[in-house]
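Chemist: Next comes input-v9.cif, mmCIF, C-alpha atoms:
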data_structure
loop_
_atom_site.label_atom_id
_atom_site.label_comp_id
_atom_site.auth_asym_id
_atom_site.auth_seq_id
_atom_site.Cartn_x
_atom_site.Cartn_y
_atom_site.Cartn_z
CA GLY H 4 -177.91 91.99 40.53
CA LEU H 5 -174.63 90.95 42.06
CA PHE H 6 -174.51 87.89 39.78
CA VAL H 7 -175.09 90.03 36.66
CA TRP H 8 -172.42 92.52 37.79
CA HIS H 9 -169.91 89.62 38.30
CA LEU H 10 -170.57 88.26 34.80
CA LYS H 11 -170.00 91.67 33.21
CA ASN H 12 -166.67 92.21 35.01
CA THR H 13 -165.33 88.76 34.11
CA GLY H 14 -166.35 89.23 30.43
CA ILE H 15 -164.63 92.58 30.14
CA ARG H 16 -161.43 91.18 31.68
CA GLN H 17 -161.38 88.17 29.34
CA ILE H 18 -161.89 90.19 26.13
CA PRO H 19 -158.10 91.11 25.69
CA CYS H 20 -157.04 87.55 26.35
CA GLN H 21 -159.53 86.17 23.88
CA PHE H 22 -158.40 88.72 21.23
CA VAL H 23 -154.76 87.71 21.58
CA HIS H 24 -155.71 84.04 21.36
CA LEU H 25 -157.72 84.64 18.17
CA CYS H 26 -154.76 86.49 16.59
CA ARG H 27 -152.43 83.61 17.38
CA VAL H 28 -154.82 81.10 15.87
CA ALA H 29 -155.22 83.23 12.77
CA ASN H 30 -151.46 83.46 12.36
CA HIS H 31 -151.15 79.68 12.51
CA ARG H 32 -154.07 78.94 10.19
CA LEU H 33 -153.86 81.76 7.58
CA ILE H 34 -151.26 81.81 4.73
CA THR H 35 -149.22 85.02 4.88
CA PHE H 36 -147.22 86.70 2.07
CA GLN H 37 -143.90 85.62 3.57
CA TYR H 38 -145.11 82.03 3.78
CA PHE H 39 -146.15 82.17 0.12
CA ASN H 40 -142.67 83.39 -0.90
CA PHE H 41 -141.13 80.57 1.09
CA LEU H 42 -143.29 78.01 -0.73
CA LYS H 43 -142.34 79.50 -4.08
CA ARG H 44 -138.61 79.27 -3.30
CA MET H 45 -138.98 75.67 -2.18
CA TYR H 46 -140.82 74.81 -5.40
CA VAL H 47 -138.13 76.38 -7.56
CA THR H 48 -135.22 74.71 -5.76
CA GLN H 49 -136.79 71.25 -5.52
CA TYR H 50 -138.24 70.91 -8.99
CA ASN H 51 -135.75 73.22 -10.79
CA LYS H 52 -138.49 75.16 -12.50
CA ASP H 53 -138.80 78.75 -13.49
CA LEU H 54 -141.77 80.79 -12.30
CA SER H 55 -140.71 84.06 -13.90
CA GLN H 56 -142.52 85.40 -16.88
CA ARG H 57 -140.62 85.34 -20.15
CA VAL H 58 -140.26 88.67 -21.88
CA LYS H 59 -140.88 88.90 -25.57
CA PRO H 60 -137.91 90.15 -27.58
CA LYS H 61 -138.15 93.71 -28.77
CA SER H 62 -139.00 94.20 -32.33
CA ASP H 63 -136.58 96.16 -34.51
CA SER H 64 -137.25 99.84 -34.38
CA VAL H 65 -138.62 101.29 -37.52
CA ALA H 66 -136.06 103.46 -39.23
CA SER H 67 -136.96 107.07 -39.68
CA PRO H 68 -137.73 108.26 -43.20
CA PHE H 69 -134.76 110.62 -43.04
CA ARG H 70 -132.32 107.71 -42.43
CA GLU H 71 -133.98 105.69 -45.16
CA LEU H 72 -133.39 108.56 -47.57
CA GLN H 73 -129.73 108.73 -46.51
CA GLN H 74 -129.27 105.01 -47.10
CA LEU H 75 -130.93 105.27 -50.48
CA ASP H 76 -128.65 108.13 -51.41
CA GLN H 77 -125.56 106.13 -50.38
CA GLU H 78 -126.76 103.12 -52.35
CA LYS H 79 -127.40 105.30 -55.33
CA LYS H 80 -123.91 106.79 -55.01
CA ILE H 81 -122.35 103.34 -54.93
CA ILE H 82 -124.45 102.03 -57.77
CA HIS H 83 -123.97 105.03 -60.03
CA LYS H 84 -120.21 105.17 -59.54
CA ILE H 85 -118.55 106.40 -62.74
CA ARG H 86 -115.89 104.09 -64.09
CA PRO H 87 -113.12 105.09 -66.50
CA ILE H 88 -114.07 104.65 -70.15
CA PRO H 89 -111.65 102.40 -72.04
CA PRO H 90 -110.25 103.47 -75.41
CA VAL H 91 -112.35 102.76 -78.47
CA HIS H 92 -109.71 100.78 -80.35
CA GLN H 93 -109.37 98.09 -77.61
CA PRO H 94 -111.17 94.79 -78.29
CA LEU H 95 -114.11 93.73 -76.20
CA SER H 96 -112.25 90.74 -74.74
CA ASP H 97 -109.60 93.02 -73.18
CA ILE H 98 -112.26 95.32 -71.80
CA SER H 99 -114.18 92.46 -70.18
CA SER H 100 -111.00 90.96 -68.70
CA ARG H 101 -109.99 94.34 -67.24
CA ASN H 102 -113.46 94.79 -65.78
CA GLU H 103 -113.27 91.37 -64.18
CA LEU H 104 -109.83 92.17 -62.73
CA GLY H 105 -111.14 95.48 -61.39
CA GLU H 106 -114.11 93.77 -59.75
CA ALA H 107 -111.83 91.13 -58.25
CA LYS H 108 -109.55 93.84 -56.83
CA SER H 109 -112.51 95.73 -55.38
CA VAL H 110 -113.80 92.54 -53.75
CA SER H 111 -110.39 91.72 -52.30
CA ALA H 112 -110.05 95.31 -51.00
CA ALA H 113 -113.47 95.04 -49.37
CA GLU H 114 -112.45 91.76 -47.74
CA ASP H 115 -109.26 93.38 -46.45
CA LEU H 116 -111.27 96.20 -44.95
CA VAL H 117 -113.65 93.75 -43.30
CA ALA H 118 -110.75 91.92 -41.64
CA PRO H 119 -110.59 92.73 -37.91
CA VAL H 120 -108.05 95.15 -36.58
CA LYS H 121 -107.25 92.86 -33.68
CA ALA H 122 -105.73 90.27 -36.00
CA GLU H 123 -103.38 92.88 -37.48
CA SER H 124 -102.28 94.07 -34.09
CA LYS H 125 -101.73 90.47 -33.04
CA ASP H 126 -99.52 89.84 -36.06
CA ASP H 127 -97.54 92.99 -35.31
CA ARG H 128 -96.91 91.83 -31.76
CA GLN H 129 -95.57 88.46 -32.81
CA TRP H 130 -91.82 87.86 -33.02
CA LYS H 131 -90.43 88.30 -36.49
CA GLU H 132 -87.02 87.47 -37.89
CA MET H 133 -85.15 90.68 -38.62
CA LYS H 134 -82.96 90.57 -41.70
CA LEU H 135 -79.72 92.51 -41.71
CA ARG H 136 -79.15 94.72 -44.72
CA LEU H 137 -75.78 96.11 -45.70
CA ASP H 138 -77.18 99.64 -45.87
CA ASP H 139 -78.18 99.51 -42.18
CA LEU H 140 -74.93 97.91 -40.97
CA PRO H 141 -72.90 101.15 -40.48
CA GLY H 142 -75.61 102.72 -38.35
CA ILE H 143 -76.04 99.54 -36.30
CA LEU H 144 -72.30 99.26 -35.67
CA ALA H 145 -72.16 102.95 -34.74
CA ARG H 146 -74.85 102.42 -32.10
CA LEU H 147 -73.15 99.21 -30.96
CA SER H 148 -69.87 101.05 -30.37
CA LYS H 149 -71.60 104.12 -28.80
CA ILE H 150 -70.14 106.47 -31.32
CA LYS H 151 -70.86 109.63 -29.28
CA LEU H 152 -69.09 108.27 -26.21
CA THR H 153 -66.20 107.12 -28.41
CA ALA H 154 -65.92 110.62 -29.87
CA LEU H 155 -65.72 112.06 -26.33
CA VAL H 156 -62.98 109.58 -25.42
CA VAL H 157 -60.97 110.45 -28.52
CA SER H 158 -61.35 114.18 -27.85
CA THR H 159 -60.05 113.84 -24.28
CA ALA H 160 -57.11 111.77 -25.54
CA SER H 161 -56.41 114.48 -28.12
CA ALA H 162 -56.46 117.10 -25.36
CA GLY H 163 -53.87 115.11 -23.43
CA PHE H 164 -51.69 114.86 -26.54
CA ALA H 165 -51.99 118.59 -27.18
CA MET H 166 -51.11 119.49 -23.57
CA ALA H 167 -47.87 117.49 -23.61
CA PRO H 168 -44.73 119.71 -23.47
CA VAL H 169 -43.25 118.35 -26.71
CA PRO H 170 -43.39 119.41 -30.37
CA PHE H 171 -46.62 118.39 -32.08
CA ASP H 172 -46.27 115.30 -34.32
CA LEU H 173 -49.25 114.96 -36.66
CA THR H 174 -48.60 111.35 -37.64
CA CYS H 175 -48.30 110.19 -34.05
CA PHE H 176 -51.40 112.20 -33.14
CA LEU H 177 -53.51 110.54 -35.86
CA LEU H 178 -52.28 107.04 -35.00
CA ALA H 179 -52.90 107.59 -31.29
CA SER H 180 -56.42 108.94 -31.94
CA LEU H 181 -57.26 106.03 -34.25
CA GLY H 182 -55.98 103.42 -31.82
CA THR H 183 -57.83 105.03 -28.89
CA GLY H 184 -61.05 105.15 -30.90
CA LEU H 185 -60.78 101.48 -31.89
CA ALA H 186 -60.12 100.46 -28.29
CA SER H 187 -63.16 102.45 -27.14
CA CYS H 188 -65.37 100.83 -29.81
CA ALA H 189 -64.25 97.37 -28.67
CA ALA H 190 -64.92 98.11 -25.00
CA ASN H 191 -68.39 99.54 -25.68
CA SER H 192 -69.37 96.59 -27.89
CA ILE H 193 -68.32 94.02 -25.29
CA ASN H 194 -70.20 96.02 -22.65
CA GLN H 195 -73.43 95.83 -24.68
CA PHE H 196 -72.86 92.11 -25.32
CA PHE H 197 -72.76 91.40 -21.57
CA GLU H 198 -75.72 93.62 -20.66
CA VAL H 199 -78.38 92.47 -23.16
CA PRO H 200 -80.79 90.94 -20.57
CA PHE H 201 -80.49 94.00 -18.34
CA ASP H 202 -80.71 96.61 -21.09
CA SER H 203 -84.02 95.10 -22.24
CA ASN H 204 -85.64 96.21 -18.96
CA MET H 205 -84.61 99.86 -19.28
CA ASN H 206 -86.31 102.47 -21.42
CA ARG H 207 -83.00 104.19 -22.16
CA THR H 208 -81.32 101.05 -23.55
CA LYS H 209 -84.16 98.88 -24.84
CA ASN H 210 -83.56 100.01 -28.45
CA ARG H 211 -79.94 98.96 -28.62
CA PRO H 212 -79.03 96.71 -31.57
CA LEU H 213 -78.41 93.53 -29.57
CA VAL H 214 -81.59 93.99 -27.53
CA ARG H 215 -83.75 94.42 -30.63
CA GLY H 216 -82.02 91.59 -32.45
CA GLN H 217 -80.75 93.77 -35.29
CA ILE H 218 -77.35 92.11 -35.05
CA SER H 219 -76.33 88.68 -33.80
CA PRO H 220 -74.15 88.29 -30.68
CA LEU H 221 -71.52 86.48 -32.73
CA LEU H 222 -71.25 89.40 -35.15
CA ALA H 223 -71.01 91.83 -32.21
CA VAL H 224 -68.15 89.84 -30.65
CA CYS H 225 -66.37 89.64 -34.01
CA PHE H 226 -66.74 93.41 -34.44
CA ALA H 227 -65.33 94.00 -30.95
CA ALA H 228 -62.36 91.73 -31.67
CA SER H 229 -61.74 93.36 -35.06
CA CYS H 230 -61.60 96.76 -33.31
CA GLY H 231 -59.76 95.84 -30.13
CA VAL H 232 -56.89 93.78 -31.52
CA PRO H 233 -55.84 96.26 -34.27
CA GLY H 234 -56.36 99.19 -31.90
CA ILE H 235 -54.05 97.83 -29.19
CA ALA H 236 -51.54 96.67 -31.80
CA LEU H 237 -51.54 100.13 -33.37
CA LEU H 238 -50.99 101.86 -30.03
CA THR H 239 -48.23 99.43 -29.04
CA LEU H 240 -46.28 99.21 -32.29
CA ALA H 241 -46.90 102.56 -33.96
CA VAL H 242 -47.04 104.83 -30.89
CA ASN H 243 -45.29 103.29 -27.85
CA PRO H 244 -45.74 100.24 -25.60
CA LEU H 245 -46.82 102.33 -22.59
CA THR H 246 -49.82 103.76 -24.45
CA GLY H 247 -50.74 100.30 -25.75
CA ALA H 248 -50.58 98.87 -22.23
CA LEU H 249 -52.83 101.66 -20.94
CA GLY H 250 -55.33 100.96 -23.74
CA ALA H 251 -55.43 97.23 -23.00
CA PHE H 252 -55.77 97.89 -19.28
CA ASN H 253 -58.65 100.30 -19.93
CA ILE H 254 -60.55 97.70 -22.01
CA PHE H 255 -60.06 95.11 -19.24
CA LEU H 256 -61.14 97.57 -16.54
CA TYR H 257 -64.28 98.60 -18.43
CA THR H 258 -65.48 95.17 -19.52
CA CYS H 259 -64.32 92.86 -16.72
CA CYS H 260 -64.50 95.15 -13.67
CA TYR H 261 -66.88 98.05 -14.26
CA THR H 262 -69.57 96.12 -16.18
CA PRO H 263 -70.18 93.33 -13.61
CA MET H 264 -69.75 95.71 -10.66
CA LYS H 265 -72.73 97.77 -11.81
CA ARG H 266 -75.02 95.04 -10.41
CA MET H 267 -72.95 94.38 -7.28
CA SER H 268 -71.78 97.57 -5.58
CA ILE H 269 -71.89 101.35 -5.85
CA ALA H 270 -68.09 101.28 -6.15
CA ASN H 271 -68.68 100.85 -9.89
CA THR H 272 -68.96 104.64 -10.19
CA TRP H 273 -65.41 105.15 -8.93
CA VAL H 274 -64.11 102.38 -11.20
CA GLY H 275 -65.92 103.95 -14.16
CA ALA H 276 -64.35 107.30 -13.30
CA VAL H 277 -60.90 105.70 -13.53
CA VAL H 278 -61.87 104.30 -16.94
CA GLY H 279 -62.80 107.80 -18.13
CA ALA H 280 -59.63 109.33 -16.69
CA ILE H 281 -57.22 107.06 -18.61
CA PRO H 282 -57.74 108.43 -22.21
CA PRO H 283 -56.10 111.87 -21.56
CA VAL H 284 -53.25 110.04 -19.85
CA MET H 285 -52.91 107.91 -23.00
CA GLY H 286 -52.72 111.07 -25.10
CA TRP H 287 -49.96 112.47 -22.88
CA THR H 288 -47.96 109.22 -22.96
CA ALA H 289 -48.42 108.98 -26.74
CA ALA H 290 -46.74 112.36 -27.12
CA THR H 291 -44.02 112.08 -24.46
CA GLY H 292 -43.55 108.34 -23.95
CA SER H 293 -43.52 108.81 -20.16
CA LEU H 294 -46.00 109.13 -17.31
CA ASP H 295 -45.41 112.59 -15.85
CA ALA H 296 -47.20 114.79 -13.33
CA GLY H 297 -49.04 116.59 -16.12
CA ALA H 298 -50.61 113.31 -17.26
CA LEU H 299 -51.78 112.60 -13.71
CA LEU H 300 -53.22 116.12 -13.46
CA LEU H 301 -55.23 115.69 -16.66
CA GLY H 302 -56.44 112.32 -15.46
CA GLY H 303 -57.45 113.88 -12.13
CA ILE H 304 -59.49 116.59 -13.88
CA LEU H 305 -61.33 113.98 -15.96
CA TYR H 306 -61.79 111.81 -12.86
CA SER H 307 -63.43 114.59 -10.85
CA TRP H 308 -65.51 115.88 -13.77
CA GLN H 309 -67.23 112.51 -14.24
CA PHE H 310 -68.91 112.50 -10.82
CA PRO H 311 -71.15 115.57 -11.31
CA HIS H 312 -71.70 114.48 -14.91
CA PHE H 313 -72.74 110.89 -14.20
CA ASN H 314 -74.44 111.44 -10.83
CA ALA H 315 -76.67 114.12 -12.32
CA LEU H 316 -77.47 111.84 -15.25
CA SER H 317 -78.24 108.82 -13.06
CA TRP H 318 -80.53 110.90 -10.81
CA GLY H 319 -83.06 111.24 -13.60
CA LEU H 320 -82.71 107.54 -14.52
CA ARG H 321 -83.26 106.05 -11.08
CA GLU H 322 -86.38 104.16 -12.13
CA ASP H 323 -84.58 102.71 -15.13
CA TYR H 324 -81.54 101.63 -13.13
CA SER H 325 -83.67 100.00 -10.43
CA ARG H 326 -85.72 98.21 -13.10
CA GLY H 327 -82.56 96.96 -14.78
CA GLY H 328 -81.05 95.75 -11.50
CA TYR H 329 -78.10 98.17 -11.44
CA CYS H 330 -76.65 99.21 -8.09
CA MET H 331 -76.14 102.95 -8.46
CA MET H 332 -75.64 105.66 -5.86
CA SER H 333 -78.74 107.49 -7.04
CA VAL H 334 -80.85 104.39 -6.31
CA THR H 335 -79.35 102.97 -3.12
CA HIS H 336 -77.57 106.01 -1.58
CA PRO H 337 -79.21 109.20 -2.88
CA GLY H 338 -77.63 111.42 -0.20
CA LEU H 339 -74.15 110.13 -1.00
CA CYS H 340 -74.81 110.67 -4.70
CA ARG H 341 -75.46 114.38 -4.15
CA ARG H 342 -72.55 114.85 -1.72
CA VAL H 343 -70.04 113.20 -4.05
CA ALA H 344 -71.19 115.36 -6.98
CA LEU H 345 -70.73 118.57 -4.95
CA ARG H 346 -67.40 117.41 -3.55
CA HIS H 347 -65.87 116.83 -6.97
CA CYS H 348 -67.27 120.09 -8.34
CA LEU H 349 -65.19 121.85 -5.69
CA ALA H 350 -62.24 119.57 -6.47
CA LEU H 351 -62.13 120.96 -10.01
CA ILE H 352 -61.25 124.39 -8.57
CA GLY H 353 -58.34 122.89 -6.62
CA LEU H 354 -57.03 120.89 -9.58
CA SER H 355 -57.12 123.97 -11.78
CA THR H 356 -55.01 125.79 -9.20
CA VAL H 357 -52.43 122.97 -9.10
CA ALA H 358 -51.75 123.22 -12.87
CA PRO H 359 -49.42 126.29 -12.71
CA LEU H 360 -47.68 124.86 -9.67
CA LEU H 361 -46.69 121.82 -11.75
CA ASP H 362 -45.42 124.15 -14.49
CA ILE H 363 -48.06 122.95 -16.98
CA THR H 364 -49.97 126.22 -17.46
CA THR H 365 -49.54 129.85 -16.56
CA TRP H 366 -51.26 131.49 -13.60
CA THR H 367 -53.90 132.90 -15.89
CA PHE H 368 -55.49 129.44 -16.19
CA PRO H 369 -56.87 129.19 -12.62
CA ILE H 370 -58.08 132.79 -12.87
CA ILE H 371 -59.86 132.37 -16.22
CA SER H 372 -61.29 128.95 -15.31
CA LEU H 373 -62.55 130.13 -11.93
CA PRO H 374 -65.94 131.47 -13.19
CA ILE H 375 -66.92 128.24 -14.98
CA ASN H 376 -65.69 126.15 -12.03
CA LEU H 377 -67.68 128.30 -9.62
CA TYR H 378 -70.77 127.99 -11.81
CA ILE H 379 -70.66 124.19 -11.92
CA SER H 380 -70.01 124.20 -8.17
CA TYR H 381 -73.08 126.38 -7.68
CA LEU H 382 -75.18 123.95 -9.73
CA GLY H 383 -73.70 121.08 -7.72
CA PHE H 384 -74.78 122.84 -4.53
CA ARG H 385 -78.29 123.35 -5.94
CA PHE H 386 -78.41 119.65 -6.81
CA TYR H 387 -77.27 118.78 -3.29
CA ARG H 388 -79.84 121.07 -1.68
CA ASP H 389 -82.91 120.58 -3.89
CA ALA H 390 -82.42 116.96 -5.00
CA ASP H 391 -84.94 117.15 -7.85
CA ARG H 392 -84.94 116.46 -11.56
CA ARG H 393 -84.65 120.10 -12.53
CA SER H 394 -81.42 120.71 -10.60
CA SER H 395 -79.91 117.40 -11.78
CA ARG H 396 -80.76 118.21 -15.40
CA ARG H 397 -79.15 121.65 -15.16
CA LEU H 398 -75.99 120.17 -13.65
CA PHE H 399 -75.82 117.50 -16.35
CA PHE H 400 -76.17 119.93 -19.25
CA CYS H 401 -73.63 122.26 -17.65
CA SER H 402 -71.12 119.41 -17.48
CA LEU H 403 -71.49 118.86 -21.22
CA TRP H 404 -70.03 122.27 -22.10
CA HIS H 405 -67.89 122.68 -18.98
CA LEU H 406 -65.29 120.04 -19.90
CA PRO H 407 -64.56 121.24 -23.47
CA MET H 408 -64.34 124.83 -22.30
CA LEU H 409 -62.04 123.92 -19.40
CA LEU H 410 -59.71 121.94 -21.67
CA LEU H 411 -59.71 124.74 -24.25
CA VAL H 412 -58.79 127.34 -21.61
CA MET H 413 -56.12 124.99 -20.32
CA PHE H 414 -54.67 124.62 -23.81
CA THR H 415 -54.61 128.39 -24.42
CA CYS H 416 -52.85 128.95 -21.09
CA LYS H 417 -50.33 126.18 -21.71
CA LYS H 418 -46.70 127.11 -21.18
CA SER H 419 -44.75 127.23 -24.42
CA LEU H 420 -41.60 125.27 -25.05
CA LEU H 421 -39.53 128.47 -25.35
CA GLU H 422 -40.47 129.55 -21.83
CA LYS H 423 -39.53 126.16 -20.46
CA GLU H 424 -36.25 126.11 -22.38
CA ASP H 425 -35.37 129.62 -21.18
CA LYS H 426 -36.23 128.61 -17.66
CA GLY H 427 -34.11 125.49 -18.01
CA ASP H 428 -31.20 127.52 -19.36
CA LEU H 429 -31.47 129.97 -16.48
CA LEU H 430 -31.54 127.13 -14.00
CA GLY H 431 -28.52 125.58 -15.71
CA GLU H 432 -26.58 128.85 -15.64
CA SER H 433 -27.39 129.49 -11.99
CA HIS H 434 -26.35 125.95 -11.15
CA ALA H 435 -23.04 126.41 -13.05
CA ARG H 436 -22.37 129.69 -11.24
CA ALA H 437 -23.04 128.04 -7.91
CA MET H 438 -20.58 125.30 -8.78
CA GLU H 439 -17.95 127.88 -9.79
CA ILE H 440 -18.39 129.71 -6.50
CA ARG H 441 -18.02 126.48 -4.57
CA LEU H 442 -14.81 125.60 -6.39
CA PRO H 443 -11.62 127.10 -4.79
#
What do you get writing this file as structure tokens?
Modeler:
Amino acid sequence: GLFVWHLKNTGIRQIPCQFVHLCRVANHRLITFQYFNFLKRMYVTQYNKDLSQRVKPKSDSVASPFRELQQLDQEKKIIHKIRPIPPVHQPLSDISSRNELGEAKSVSAAEDLVAPVKAESKDDRQWKEMKLRLDDLPGILARLSKIKLTALVVSTASAGFAMAPVPFDLTCFLLASLGTGLASCAANSINQFFEVPFDSNMNRTKNRPLVRGQISPLLAVCFAASCGVPGIALLTLAVNPLTGALGAFNIFLYTCCYTPMKRMSIANTWVGAVVGAIPPVMGWTAATGSLDAGALLLGGILYSWQFPHFNALSWGLREDYSRGGYCMMSVTHPGLCRRVALRHCLALIGLSTVAPLLDITTWTFPIISLPINLYISYLGFRFYRDADRRSSRRLFFCSLWHLPMLLLVMFTCKKSLLEKEDKGDLLGESHARAMEIRLP
């Protein structure tokens, strides 16, 4: 009994071990699913064969009877197209030839329609030689000379001529305006000639004539020379040498100093302000032949006005200026750009107050001009505080009407020649009386 009991206990204990051993043997001897996948991958990689089942291509779907009817209707419409009936008196040979020509045209039109759209767009994108027509030449030259900017320059020069304390000479006024306009056209044309590679990168200037190739650089230089030389000669010989010298200096300052400095330093804005301040001084010297305090005052007003005008304009064009490689305050020093604009808005109030002190206008001028000067100063403060496109745009558009209105008010408040002569006579009489008293 003990022997049987020992055999039972040893058998029960060995059953788990035997089961594990059988499982191990089965794993080594049986082919599993993972082992089958491994063999399949080895077969594919070694013999470069494909074990996947090829799929039959789908057969074309049968069109619905409704679509078939639509196609038949379209075919019938094309087939039964009514053609114009020729006159009865024409011979058959002419009719057949016209029919053949019509069929040839229809075939060629169908071929044109079949042509891909990509080819047309590719042809449009290719460079093409632009031919200059005489009808387009005046408009091209007007854009080359920046006719709007030239008109502004001539108007400021005319204001300086009108503010001079001398009798108005119409002939001298017309000659001075013509010479100033020709000098401005020459300077603007040379400026565009130098800035062609930079203007092509800016959205605002990419459609200029030299950038688009509407005019050759040689023709642009010839146009600038044909405007600059007669303009300076006219100012020097027909007006006076001082005005001609100022015109020549302004062309040099704009083309040789301001234009290259735009890519070097932010000081270009101050140099450009000097360029814009010279035309009213030229008008004053054209009328008087001398450089007086009134000419410097007019130049100072134009100098200060240009900072809120240009800084507000450049604020909305910062991306363009940075893309073109121009070093502007709005791009590199945005805080300074806003401070300078506000500073010169306030300077306009002070310059308007100085005008009666220099005996150029009456005291009504600073009083009447105070509201418009305060308004542009308020917009300059908003631009300084908010520094967004909306405030810069409002300041820019305000500057467009502020300058003409300020010059008009200044002209209406100008002191007349009779007042100055009476004042001179009174001063002369008082001086004579003082001399008589001093004499024994």
Chemist: Mind checking which residues fall within 10 Å of stretch 397-406 of chain H, counting only C-alpha atoms, ignoring those fewer than 3 positions away in the same chain, and posting them as a PDB file with C-alpha atoms, keeping the file's coordinate frame?
Modeler:
ATOM      1  CA  THR H 159     -60.050 113.840 -24.280  1.00  0.00           C
ATOM      2  CA  ILE H 304     -59.490 116.590 -13.880  1.00  0.00           C
ATOM      3  CA  LEU H 305     -61.330 113.980 -15.960  1.00  0.00           C
ATOM      4  CA  TRP H 308     -65.510 115.880 -13.770  1.00  0.00           C
ATOM      5  CA  GLN H 309     -67.230 112.510 -14.240  1.00  0.00           C
ATOM      6  CA  PHE H 310     -68.910 112.500 -10.820  1.00  0.00           C
ATOM      7  CA  PRO H 311     -71.150 115.570 -11.310  1.00  0.00           C
ATOM      8  CA  HIS H 312     -71.700 114.480 -14.910  1.00  0.00           C
ATOM      9  CA  PHE H 313     -72.740 110.890 -14.200  1.00  0.00           C
ATOM     10  CA  ASN H 314     -74.440 111.440 -10.830  1.00  0.00           C
ATOM     11  CA  ALA H 315     -76.670 114.120 -12.320  1.00  0.00           C
ATOM     12  CA  LEU H 316     -77.470 111.840 -15.250  1.00  0.00           C
ATOM     13  CA  SER H 317     -78.240 108.820 -13.060  1.00  0.00           C
ATOM     14  CA  TRP H 318     -80.530 110.900 -10.810  1.00  0.00           C
ATOM     15  CA  GLY H 319     -83.060 111.240 -13.600  1.00  0.00           C
ATOM     16  CA  ALA H 344     -71.190 115.360  -6.980  1.00  0.00           C
ATOM     17  CA  CYS H 348     -67.270 120.090  -8.340  1.00  0.00           C
ATOM     18  CA  SER H 372     -61.290 128.950 -15.310  1.00  0.00           C
ATOM     19  CA  ILE H 375     -66.920 128.240 -14.980  1.00  0.00           C
ATOM     20  CA  ASN H 376     -65.690 126.150 -12.030  1.00  0.00           C
ATOM     21  CA  TYR H 378     -70.770 127.990 -11.810  1.00  0.00           C
ATOM     22  CA  ILE H 379     -70.660 124.190 -11.920  1.00  0.00           C
ATOM     23  CA  SER H 380     -70.010 124.200  -8.170  1.00  0.00           C
ATOM     24  CA  TYR H 381     -73.080 126.380  -7.680  1.00  0.00           C
ATOM     25  CA  LEU H 382     -75.180 123.950  -9.730  1.00  0.00           C
ATOM     26  CA  GLY H 383     -73.700 121.080  -7.720  1.00  0.00           C
ATOM     27  CA  PHE H 384     -74.780 122.840  -4.530  1.00  0.00           C
ATOM     28  CA  ARG H 385     -78.290 123.350  -5.940  1.00  0.00           C
ATOM     29  CA  PHE H 386     -78.410 119.650  -6.810  1.00  0.00           C
ATOM     30  CA  ARG H 392     -84.940 116.460 -11.560  1.00  0.00           C
ATOM     31  CA  ARG H 393     -84.650 120.100 -12.530  1.00  0.00           C
ATOM     32  CA  SER H 394     -81.420 120.710 -10.600  1.00  0.00           C
ATOM     33  CA  LEU H 409     -62.040 123.920 -19.400  1.00  0.00           C
ATOM     34  CA  LEU H 410     -59.710 121.940 -21.670  1.00  0.00           C
ATOM     35  CA  LEU H 411     -59.710 124.740 -24.250  1.00  0.00           C
ATOM     36  CA  VAL H 412     -58.790 127.340 -21.610  1.00  0.00           C
TER      37      VAL H 412
END
Chemist: Within 10 Å of H:Ala358, counting all atoms listed in the file, which residues show up once you throw out same-chain ones fewer than 4 positions away? Write them as a ChimeraX atom specification, please.
Modeler: /H:296-297,300-301,353-354,362-366,368-369,413,417
Chemist: Applying 12 Å and only C-alpha atoms, which residues near stretch 232-240 of chain H remain after dropping the ones on its own chain fewer than 2 positions away? List them as an MDAnalysis selection string.
Modeler: chainID H and resid 175:190 224:230 242:255 285:286 288:290 292
Chemist: Go through H:Ile370, H:Cys340, H:Leu222, H:Leu351 and flag the residue nearest H:Arg321, using all atoms listed in the file for the distances.
Modeler: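 The shortest atom-to-atom distance to H:Arg321 comes from H:Cys340.
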Chemist: I need the residue set behind the PyMOL selection byres ((chain H and resi 209-211) around 12) for this file; please write it as a PyMOL selection string.
Modeler: chain H and resi 142-149+191-192+194-196+198-208+212-218+223+323+326-327
Chemist: Do you have the atom CA of H:Leu155-atom CA of H:Tyr306 distance handy?
Modeler: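 So the two atoms, atom CA of H:Leu155 and atom CA of H:Tyr306, lie 14.0 Å apart.
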